[in-house]
>>> print(open('work.cif').read())   # mmCIF, C-alpha atoms
data_input
#
loop_
_atom_site.group_PDB
_atom_site.id
_atom_site.type_symbol
_atom_site.label_atom_id
_atom_site.label_comp_id
_atom_site.auth_asym_id
_atom_site.auth_seq_id
_atom_site.Cartn_x
_atom_site.Cartn_y
_atom_site.Cartn_z
ATOM 1 C CA MET A 1 0.000 0.000 0.000
ATOM 2 C CA SER A 2 1.309 3.401 -0.830
ATOM 3 C CA LYS A 3 1.449 5.957 1.926
ATOM 4 C CA PRO A 4 -0.970 8.854 1.753
ATOM 5 C CA SER A 5 0.520 11.888 0.070
ATOM 6 C CA ASN A 6 -0.217 15.586 -0.010
ATOM 7 C CA GLU A 7 0.011 15.753 -3.787
ATOM 8 C CA GLY A 8 -3.752 16.092 -4.121
ATOM 9 C CA PHE A 9 -3.799 19.193 -1.972
ATOM 10 C CA PHE A 10 -0.908 20.782 -3.870
ATOM 11 C CA TRP A 11 -2.500 19.877 -7.150
ATOM 12 C CA LEU A 12 -5.710 21.622 -6.078
ATOM 13 C CA LEU A 13 -3.751 24.788 -5.324
ATOM 14 C CA PHE A 14 -1.975 24.439 -8.668
ATOM 15 C CA SER A 15 -5.261 24.093 -10.469
ATOM 16 C CA ALA A 16 -7.019 26.981 -8.699
ATOM 17 C CA GLY A 17 -3.979 29.186 -9.262
ATOM 18 C CA GLY A 18 -3.939 28.197 -12.912
ATOM 19 C CA VAL A 19 -7.495 29.401 -13.365
ATOM 20 C CA VAL A 20 -6.802 32.724 -11.630
ATOM 21 C CA ALA A 21 -3.610 33.162 -13.642
ATOM 22 C CA ALA A 22 -5.350 32.398 -16.924
ATOM 23 C CA LEU A 23 -8.323 34.684 -16.311
ATOM 24 C CA LEU A 24 -6.881 37.677 -14.487
ATOM 25 C CA ILE A 25 -3.124 38.039 -14.799
ATOM 26 C CA PRO A 26 -2.912 38.858 -18.538
ATOM 27 C CA VAL A 27 -4.911 42.090 -18.187
ATOM 28 C CA HIS A 28 -2.732 43.257 -15.269
ATOM 29 C CA ALA A 29 0.482 42.348 -17.066
ATOM 30 C CA PHE A 30 -0.727 44.051 -20.235
ATOM 31 C CA LEU A 31 -1.714 47.308 -18.535
ATOM 32 C CA PHE A 32 1.149 47.760 -16.073
ATOM 33 C CA GLY A 33 3.850 45.900 -17.998
ATOM 34 C CA VAL A 34 3.174 46.989 -21.581
ATOM 35 C CA ALA A 35 0.413 49.551 -22.220
ATOM 36 C CA PHE A 36 1.269 52.095 -19.481
ATOM 37 C CA PRO A 37 5.081 51.967 -19.927
ATOM 38 C CA LEU A 38 4.777 52.340 -23.714
ATOM 39 C CA GLY A 39 2.343 55.245 -23.347
ATOM 40 C CA TRP A 40 -0.484 53.514 -25.208
ATOM 41 C CA ILE A 41 -2.903 54.206 -22.362
ATOM 42 C CA GLN A 42 -2.789 56.924 -19.725
ATOM 43 C CA PRO A 43 -2.091 55.236 -16.346
ATOM 44 C CA PRO A 44 -4.360 56.025 -13.381
ATOM 45 C CA THR A 45 -3.210 58.635 -10.902
ATOM 46 C CA TYR A 46 -1.808 57.647 -7.523
ATOM 47 C CA GLU A 47 -4.867 58.917 -5.654
ATOM 48 C CA LYS A 48 -7.317 57.052 -7.872
ATOM 49 C CA LEU A 49 -5.448 53.757 -7.659
ATOM 50 C CA LEU A 50 -5.047 54.102 -3.897
ATOM 51 C CA VAL A 51 -8.790 54.600 -3.399
ATOM 52 C CA LEU A 52 -9.425 51.598 -5.639
ATOM 53 C CA VAL A 53 -7.106 49.198 -3.768
ATOM 54 C CA GLN A 54 -8.417 50.363 -0.392
ATOM 55 C CA SER A 55 -11.887 48.978 -0.956
ATOM 56 C CA PRO A 56 -12.422 45.680 0.903
ATOM 57 C CA LEU A 57 -13.468 43.839 -2.233
ATOM 58 C CA ALA A 58 -10.336 44.950 -4.086
ATOM 59 C CA LYS A 59 -8.204 43.831 -1.143
ATOM 60 C CA LEU A 60 -9.742 40.377 -1.246
ATOM 61 C CA TYR A 61 -9.262 40.306 -5.008
ATOM 62 C CA LEU A 62 -5.608 41.327 -4.716
ATOM 63 C CA LEU A 63 -4.968 38.725 -2.047
ATOM 64 C CA VAL A 64 -6.330 36.003 -4.321
ATOM 65 C CA LEU A 65 -4.395 37.439 -7.273
ATOM 66 C CA CYS A 66 -1.115 37.456 -5.338
ATOM 67 C CA SER A 67 -1.396 34.058 -3.634
ATOM 68 C CA LEU A 68 -3.052 31.286 -5.656
ATOM 69 C CA PRO A 69 -1.038 31.907 -8.868
ATOM 70 C CA LEU A 70 2.163 31.623 -6.832
ATOM 71 C CA PHE A 71 1.134 28.125 -5.751
ATOM 72 C CA HIS A 72 0.417 27.385 -9.383
ATOM 73 C CA TRP A 73 3.972 28.477 -10.158
ATOM 74 C CA ALA A 74 5.409 26.454 -7.274
ATOM 75 C CA HIS A 75 3.837 23.211 -8.457
ATOM 76 C CA ARG A 76 4.606 23.645 -12.120
ATOM 77 C CA PHE A 77 8.124 24.930 -11.631
ATOM 78 C CA ARG A 78 8.908 22.054 -9.268
ATOM 79 C CA PHE A 79 7.960 19.460 -11.866
ATOM 80 C CA THR A 80 9.616 21.362 -14.688
ATOM 81 C CA LEU A 81 12.864 21.202 -12.745
ATOM 82 C CA TYR A 82 12.354 17.528 -11.940
ATOM 83 C CA ASP A 83 11.554 16.522 -15.509
ATOM 84 C CA GLY A 84 13.388 19.132 -17.542
ATOM 85 C CA LEU A 85 16.661 19.132 -15.686
ATOM 86 C CA GLN A 86 16.302 15.663 -14.136
ATOM 87 C CA VAL A 87 17.246 16.872 -10.696
ATOM 88 C CA LYS A 88 14.915 14.707 -8.671
ATOM 89 C CA HIS A 89 17.647 14.105 -6.119
ATOM 90 C CA LEU A 90 17.317 17.765 -5.090
ATOM 91 C CA ASN A 91 13.682 17.087 -4.229
ATOM 92 C CA GLU A 92 13.673 18.674 -0.759
ATOM 93 C CA VAL A 93 15.608 21.768 -1.778
ATOM 94 C CA ILE A 94 13.386 22.454 -4.774
ATOM 95 C CA PHE A 95 10.248 21.792 -2.759
ATOM 96 C CA ALA A 96 11.331 24.243 -0.063
ATOM 97 C CA PHE A 97 12.327 26.852 -2.626
ATOM 98 C CA CYS A 98 9.059 26.658 -4.570
ATOM 99 C CA TYR A 99 6.527 26.472 -1.771
ATOM 100 C CA GLY A 100 8.627 28.681 0.489
ATOM 101 C CA GLY A 101 8.600 31.305 -2.240
ATOM 102 C CA ALA A 102 4.868 30.971 -2.758
ATOM 103 C CA LEU A 103 4.253 31.267 0.971
ATOM 104 C CA LEU A 104 6.545 34.289 1.215
ATOM 105 C CA GLY A 105 4.692 36.029 -1.613
ATOM 106 C CA THR A 106 1.359 35.257 0.006
ATOM 107 C CA VAL A 107 2.502 36.705 3.324
ATOM 108 C CA ALA A 108 3.849 39.796 1.539
ATOM 109 C CA GLY A 109 0.524 40.203 -0.273
ATOM 110 C CA LEU A 110 -1.414 39.804 2.971
ATOM 111 C CA TYR A 111 0.793 42.367 4.706
ATOM 112 C CA LEU A 112 0.393 44.868 1.859
ATOM 113 C CA VAL A 113 -3.390 44.639 1.521
ATOM 114 C CA VAL A 114 -3.829 44.883 5.296
ATOM 115 C CA LYS A 115 -1.545 47.927 5.541
ATOM 116 C CA LEU A 116 -2.945 49.746 2.524
ATOM 117 C CA MET B 1 12.498 -8.945 3.331
ATOM 118 C CA SER B 2 12.635 -7.458 -0.096
ATOM 119 C CA ALA B 3 15.219 -5.096 -1.424
ATOM 120 C CA PRO B 4 14.089 -1.879 -3.113
ATOM 121 C CA ALA B 5 13.223 -2.476 -6.731
ATOM 122 C CA HIS B 6 16.114 -0.439 -8.091
ATOM 123 C CA SER B 7 18.938 -2.093 -6.159
ATOM 124 C CA PRO B 8 20.533 -5.060 -7.895
ATOM 125 C CA THR B 9 20.657 -8.438 -6.123
ATOM 126 C CA GLU B 10 22.071 -11.826 -7.087
ATOM 127 C CA PHE B 11 18.853 -12.865 -8.817
ATOM 128 C CA HIS B 12 17.806 -9.456 -9.937
ATOM 129 C CA PRO B 13 20.412 -7.738 -12.031
ATOM 130 C CA ARG B 14 20.599 -3.992 -12.387
ATOM 131 C CA TRP B 15 17.826 -2.448 -14.451
ATOM 132 C CA TYR B 16 18.765 -1.480 -17.920
ATOM 133 C CA ARG B 17 17.870 2.161 -18.258
ATOM 134 C CA GLU B 18 18.966 4.262 -21.117
ATOM 135 C CA ARG B 19 20.279 7.587 -19.927
ATOM 136 C CA VAL B 20 17.988 10.397 -21.097
ATOM 137 C CA SER B 21 19.727 13.590 -22.092
ATOM 138 C CA THR B 22 19.055 16.676 -19.980
ATOM 139 C CA TYR B 23 18.063 18.368 -23.204
ATOM 140 C CA TRP B 24 15.515 15.715 -24.203
ATOM 141 C CA TRP B 25 12.875 18.404 -24.693
ATOM 142 C CA MET B 26 14.840 20.067 -27.480
ATOM 143 C CA GLY B 27 14.445 17.050 -29.725
ATOM 144 C CA SER B 28 10.983 17.737 -31.039
ATOM 145 C CA TRP B 29 8.531 20.595 -31.302
ATOM 146 C CA ARG B 30 5.966 18.737 -29.172
ATOM 147 C CA TYR B 31 8.385 18.379 -26.279
ATOM 148 C CA LEU B 32 9.605 21.932 -26.657
ATOM 149 C CA LYS B 33 6.019 23.188 -26.614
ATOM 150 C CA PHE B 34 5.431 21.198 -23.446
ATOM 151 C CA ILE B 35 8.439 22.742 -21.722
ATOM 152 C CA LEU B 36 7.509 26.258 -22.900
ATOM 153 C CA ARG B 37 4.007 25.736 -21.531
ATOM 154 C CA GLU B 38 5.424 24.571 -18.223
ATOM 155 C CA LEU B 39 7.817 27.515 -18.117
ATOM 156 C CA SER B 40 4.897 29.918 -18.518
ATOM 157 C CA CYS B 41 4.550 29.574 -14.754
ATOM 158 C CA VAL B 42 7.681 31.712 -14.387
ATOM 159 C CA ALA B 43 5.857 34.552 -16.158
ATOM 160 C CA VAL B 44 2.954 34.058 -13.737
ATOM 161 C CA ALA B 45 5.264 34.380 -10.711
ATOM 162 C CA TRP B 46 7.022 37.352 -12.331
ATOM 163 C CA SER B 47 3.743 39.208 -12.854
ATOM 164 C CA VAL B 48 2.611 38.535 -9.307
ATOM 165 C CA GLY B 49 5.969 39.949 -8.176
ATOM 166 C CA MET B 50 5.324 43.099 -10.232
ATOM 167 C CA THR B 51 1.898 43.458 -8.633
ATOM 168 C CA LEU B 52 3.413 43.107 -5.160
ATOM 169 C CA PHE B 53 5.957 45.824 -5.989
ATOM 170 C CA LEU B 54 3.133 48.033 -7.287
ATOM 171 C CA LEU B 55 1.212 47.562 -4.036
ATOM 172 C CA ARG B 56 4.351 48.345 -2.042
ATOM 173 C CA ALA B 57 4.792 51.549 -4.032
ATOM 174 C CA LEU B 58 1.153 52.482 -3.394
ATOM 175 C CA LEU B 59 1.698 51.907 0.324
ATOM 176 C CA ARG B 60 4.813 54.091 0.359
ATOM 177 C CA GLY B 61 3.273 57.113 -1.304
ATOM 178 C CA PRO B 62 2.975 59.135 -4.532
ATOM 179 C CA ASP B 63 6.747 59.426 -5.048
ATOM 180 C CA ALA B 64 7.237 55.686 -4.760
ATOM 181 C CA TYR B 65 4.381 55.144 -7.225
ATOM 182 C CA ALA B 66 5.901 57.581 -9.739
ATOM 183 C CA HIS B 67 9.271 55.874 -9.259
ATOM 184 C CA PHE B 68 7.710 52.448 -9.851
ATOM 185 C CA MET B 69 5.966 53.591 -13.033
ATOM 186 C CA HIS B 70 9.221 55.140 -14.204
ATOM 187 C CA ARG B 71 11.162 51.942 -13.555
ATOM 188 C CA MET B 72 8.630 50.017 -15.610
ATOM 189 C CA GLN B 73 9.509 52.239 -18.590
ATOM 190 C CA ALA B 74 13.124 51.053 -18.760
ATOM 191 C CA PRO B 75 13.677 49.284 -22.106
ATOM 192 C CA GLY B 76 14.890 46.118 -20.387
ATOM 193 C CA MET B 77 11.808 46.081 -18.208
ATOM 194 C CA ILE B 78 9.478 46.535 -21.181
ATOM 195 C CA GLY B 79 11.326 43.731 -22.988
ATOM 196 C CA LEU B 80 10.965 41.366 -20.033
ATOM 197 C CA ASN B 81 7.314 42.267 -19.612
ATOM 198 C CA LEU B 82 6.621 41.688 -23.296
ATOM 199 C CA ILE B 83 8.173 38.216 -23.018
ATOM 200 C CA ALA B 84 6.204 37.600 -19.825
ATOM 201 C CA PHE B 85 2.979 38.715 -21.487
ATOM 202 C CA THR B 86 3.575 36.334 -24.407
ATOM 203 C CA PHE B 87 4.060 33.447 -21.985
ATOM 204 C CA LEU B 88 0.943 34.493 -20.068
ATOM 205 C CA LEU B 89 -1.084 34.262 -23.261
ATOM 206 C CA LEU B 90 0.425 30.816 -23.855
ATOM 207 C CA HIS B 91 -0.660 29.809 -20.361
ATOM 208 C CA THR B 92 -4.186 31.149 -20.827
ATOM 209 C CA VAL B 93 -4.713 29.460 -24.206
ATOM 210 C CA THR B 94 -3.231 26.110 -23.189
ATOM 211 C CA TRP B 95 -5.116 26.185 -19.883
ATOM 212 C CA PHE B 96 -8.464 26.880 -21.522
ATOM 213 C CA ASN B 97 -7.917 24.296 -24.221
ATOM 214 C CA LEU B 98 -7.235 21.674 -21.573
ATOM 215 C CA ALA B 99 -10.743 21.979 -20.150
ATOM 216 C CA PRO B 100 -12.489 19.925 -22.862
ATOM 217 C CA ARG B 101 -9.840 17.219 -22.478
ATOM 218 C CA ALA B 102 -10.285 17.076 -18.714
ATOM 219 C CA ILE B 103 -14.092 17.138 -18.842
ATOM 220 C CA PRO B 104 -15.490 15.415 -21.936
ATOM 221 C CA VAL B 105 -18.984 16.921 -22.078
ATOM 222 C CA ARG B 106 -21.720 14.810 -23.645
ATOM 223 C CA PHE B 107 -25.032 16.083 -24.905
ATOM 224 C CA GLY B 108 -27.719 13.854 -26.403
ATOM 225 C CA GLY B 109 -25.322 10.904 -26.462
ATOM 226 C CA ARG B 110 -22.755 12.784 -28.474
ATOM 227 C CA ARG B 111 -19.552 14.329 -27.403
ATOM 228 C CA VAL B 112 -19.726 18.114 -27.536
ATOM 229 C CA PRO B 113 -16.997 19.466 -29.835
ATOM 230 C CA GLU B 114 -13.911 20.646 -27.955
ATOM 231 C CA PHE B 115 -14.151 24.246 -29.059
ATOM 232 C CA MET B 116 -17.660 24.531 -27.619
ATOM 233 C CA VAL B 117 -16.390 23.444 -24.209
ATOM 234 C CA ALA B 118 -13.407 25.777 -24.387
ATOM 235 C CA ALA B 119 -15.393 28.751 -25.715
ATOM 236 C CA PRO B 120 -17.061 29.726 -22.393
ATOM 237 C CA ASN B 121 -13.590 30.001 -20.875
ATOM 238 C CA TYR B 122 -12.633 32.562 -23.473
ATOM 239 C CA VAL B 123 -15.862 34.481 -22.908
ATOM 240 C CA ALA B 124 -15.139 34.513 -19.156
ATOM 241 C CA TRP B 125 -11.601 35.705 -19.894
ATOM 242 C CA VAL B 126 -12.779 38.622 -22.009
ATOM 243 C CA VAL B 127 -15.444 39.609 -19.459
ATOM 244 C CA ALA B 128 -12.979 39.410 -16.536
ATOM 245 C CA SER B 129 -10.371 41.438 -18.449
ATOM 246 C CA VAL B 130 -12.886 44.131 -19.393
ATOM 247 C CA VAL B 131 -14.188 44.410 -15.816
ATOM 248 C CA VAL B 132 -10.685 44.626 -14.299
ATOM 249 C CA GLY B 133 -9.590 47.078 -17.000
ATOM 250 C CA TRP B 134 -12.670 49.196 -16.412
ATOM 251 C CA PHE B 135 -11.991 49.451 -12.677
ATOM 252 C CA ILE B 136 -8.376 50.456 -13.267
ATOM 253 C CA LEU B 137 -9.025 52.887 -16.119
ATOM 254 C CA ARG B 138 -12.396 54.487 -15.306
ATOM 255 C CA LYS B 139 -12.385 58.200 -14.682
ATOM 256 C CA PRO B 140 -13.336 59.261 -11.148
#
>>> encode(input="work.cif", output="structure tokens")
Amino acid sequence: MSKPSNEGFFWLLFSAGGVVAALLIPVHAFLFGVAFPLGWIQPPTYEKLLVLVQSPLAKLYLLVLCSLPLFHWAHRFRFTLYDGLQVKHLNEVIFAFCYGGALLGTVAGLYLVVKL
Amino acid sequence: MSAPAHSPTEFHPRWYRERVSTYWWMGSWRYLKFILRELSCVAVAWSVGMTLFLLRALLRGPDAYAHFMHRMQAPGMIGLNLIAFTFLLLHTVTWFNLAPRAIPVRFGGRRVPEFMVAAPNYVAWVVASVVVGWFILRKP
């Protein structure tokens, strides 16, 4: 009998993060990474954006946006390293790096939305 | 007591395993596409990082926000963000197109064509993007 594993739980996070990343991240990356820097669209003023991110609903949204996709990254990146580079012997290190990073980002996101 | 399957014993010689090159995914377009799709997750993490830095700038004040927006205008930054955006689109398209494979929908005894299962995802994507864009861009 195989021992119970946590893979199901991590896969669920991967999957949920994948949906959030697919639906919501492109528009953010397009606006702040491409359209605003290239001057295609006038970026919002500081005051306007601040008011927007201070609403409770926006805070919840930002927390989801900054946490679940990181767990999507953690899962996918872990297996890309395993399969692509064949470094399965570094299992623990890679696991700690990926999920540690995702956890760190989540905590940073939580801190920021609470403080804002 | 049984030895682990991979360790050779007197009656169980070492497995024959051909060594796979580290660059196995460069051999064919299918494998390369797979690895590119998997690597799209780096663009996801990168964009979340950008968002966190944006929020930090908003927390620190108007000067920090102006500084952040200025930093995003550096040519190297725009280049990286263009690459990231391309990978994000790859993620979105491959993710949505997986749905009909994961959930084969049947209607009236027939399998619904894949594009009709994937289509609602694209509609949801457009709606979500428009709503988020509207909130960010609307005039006060």
>>> atom_distance(input="work.cif", atom1="CA of Val117 in chain B", atom2="CA of Phe87 in chain B")
22.9 Å
>>> residues_around(input="work.cif", residues="Met69 in chain B", least_positions_apart="2", cutoff="9 Å", atoms="all atoms listed in the file", output="ChimeraX atom specification")
/A:32,36-37,43 /B:54,64-67,71-73
>>> interface_residues(input="work.cif", of="chain A", to="chain B", cutoff="6 Å", atoms="all atoms listed in the file", output="PyMOL selection string")
chain A and resi 22-23+27+33+37+46+66+70+73+85+116
>>> atom_distance(input="work.cif", atom1="CA of Lys59 in chain A", atom2="CA of Val113 in chain A")
5.6 Å
>>> resolve_selection(input="work.cif", expression="the PyMOL selection byres ((chain A and resi 67) around 8)", output="list in words")
Gly17, Leu63, Val64, Leu65, Cys66, Leu68, Pro69, Leu70, Phe71, Ala102, Leu103, Gly105, Thr106 and Gly109 of chain A
>>> atom_distance(input="work.cif", atom1="CA of Gly27 in chain B", atom2="CA of Gln86 in chain A")
15.8 Å
>>> residues_around(input="work.cif", residues="His72 in chain A", least_positions_apart="4", cutoff="7 Å", atoms="all atoms listed in the file", output="PyMOL selection string")
chain A and resi 13-15+17-18+68+76
>>> closest_residue(input="work.cif", among="A:Pro44, A:Leu57, A:Phe79, A:Ser5", to="Trp134 in chain B", atoms="only C-alpha atoms")
A:Pro44
>>> residues_around(input="work.cif", residues="Ala118 in chain B", least_positions_apart="4", cutoff="9 Å", atoms="all atoms listed in the file", output="list of chain:residue names")
B:Phe96, B:Asn97, B:Leu98, B:Ala99, B:Pro100, B:Glu114, B:Tyr122
>>> build_atoms(input="work.cif", residues="range 38-63 of chain B", atoms="N, CA and C atoms", output="tab-separated table (two decimals), in the coordinates of the input")
chain	number	residue	atom	x	y	z
B	38	GLU	N	5.12	24.71	-19.64
B	38	GLU	CA	5.42	24.57	-18.22
B	38	GLU	C	6.16	25.80	-17.70
B	39	LEU	N	7.04	26.36	-18.55
B	39	LEU	CA	7.82	27.52	-18.12
B	39	LEU	C	6.97	28.78	-18.03
B	40	SER	N	5.77	28.75	-18.61
B	40	SER	CA	4.90	29.92	-18.52
B	40	SER	C	4.62	30.27	-17.06
B	41	CYS	N	4.79	29.30	-16.16
B	41	CYS	CA	4.55	29.57	-14.75
B	41	CYS	C	5.54	30.60	-14.21
B	42	VAL	N	6.72	30.70	-14.83
B	42	VAL	CA	7.68	31.71	-14.39
B	42	VAL	C	7.13	33.11	-14.66
B	43	ALA	N	6.47	33.27	-15.82
B	43	ALA	CA	5.86	34.55	-16.16
B	43	ALA	C	4.74	34.89	-15.17
B	44	VAL	N	4.02	33.85	-14.72
B	44	VAL	CA	2.95	34.06	-13.74
B	44	VAL	C	3.56	34.60	-12.44
B	45	ALA	N	4.62	33.94	-11.96
B	45	ALA	CA	5.26	34.38	-10.71
B	45	ALA	C	5.84	35.79	-10.88
B	46	TRP	N	6.44	36.04	-12.04
B	46	TRP	CA	7.02	37.35	-12.33
B	46	TRP	C	5.95	38.45	-12.24
B	47	SER	N	4.80	38.20	-12.84
B	47	SER	CA	3.74	39.21	-12.85
B	47	SER	C	3.16	39.44	-11.46
B	48	VAL	N	3.06	38.37	-10.68
B	48	VAL	CA	2.61	38.53	-9.31
B	48	VAL	C	3.62	39.39	-8.54
B	49	GLY	N	4.92	39.14	-8.79
B	49	GLY	CA	5.97	39.95	-8.18
B	49	GLY	C	5.82	41.43	-8.52
B	50	MET	N	5.54	41.72	-9.80
B	50	MET	CA	5.32	43.10	-10.23
B	50	MET	C	4.17	43.73	-9.46
B	51	THR	N	3.08	42.95	-9.33
B	51	THR	CA	1.90	43.46	-8.63
B	51	THR	C	2.22	43.76	-7.17
B	52	LEU	N	3.03	42.87	-6.55
B	52	LEU	CA	3.41	43.11	-5.16
B	52	LEU	C	4.24	44.39	-5.04
B	53	PHE	N	5.15	44.60	-6.01
B	53	PHE	CA	5.96	45.82	-5.99
B	53	PHE	C	5.08	47.07	-6.21
B	54	LEU	N	4.07	46.93	-7.06
B	54	LEU	CA	3.13	48.03	-7.29
B	54	LEU	C	2.39	48.37	-5.99
B	55	LEU	N	1.93	47.34	-5.29
B	55	LEU	CA	1.21	47.56	-4.04
B	55	LEU	C	2.13	48.20	-2.99
B	56	ARG	N	3.40	47.76	-2.99
B	56	ARG	CA	4.35	48.34	-2.04
B	56	ARG	C	4.55	49.83	-2.33
B	57	ALA	N	4.63	50.15	-3.64
B	57	ALA	CA	4.79	51.55	-4.03
B	57	ALA	C	3.57	52.36	-3.62
B	58	LEU	N	2.38	51.78	-3.78
B	58	LEU	CA	1.15	52.48	-3.39
B	58	LEU	C	1.14	52.73	-1.88
B	59	LEU	N	1.65	51.77	-1.13
B	59	LEU	CA	1.70	51.91	0.32
B	59	LEU	C	2.67	53.01	0.73
B	60	ARG	N	3.77	53.15	-0.04
B	60	ARG	CA	4.81	54.09	0.36
B	60	ARG	C	4.51	55.53	-0.02
B	61	GLY	N	3.64	55.74	-0.97
B	61	GLY	CA	3.27	57.11	-1.30
B	61	GLY	C	3.41	57.46	-2.77
B	62	PRO	N	3.01	58.71	-3.13
B	62	PRO	CA	2.98	59.14	-4.53
B	62	PRO	C	4.35	59.08	-5.21
B	63	ASP	N	5.41	59.44	-4.45
B	63	ASP	CA	6.75	59.43	-5.05
B	63	ASP	C	7.17	58.00	-5.41
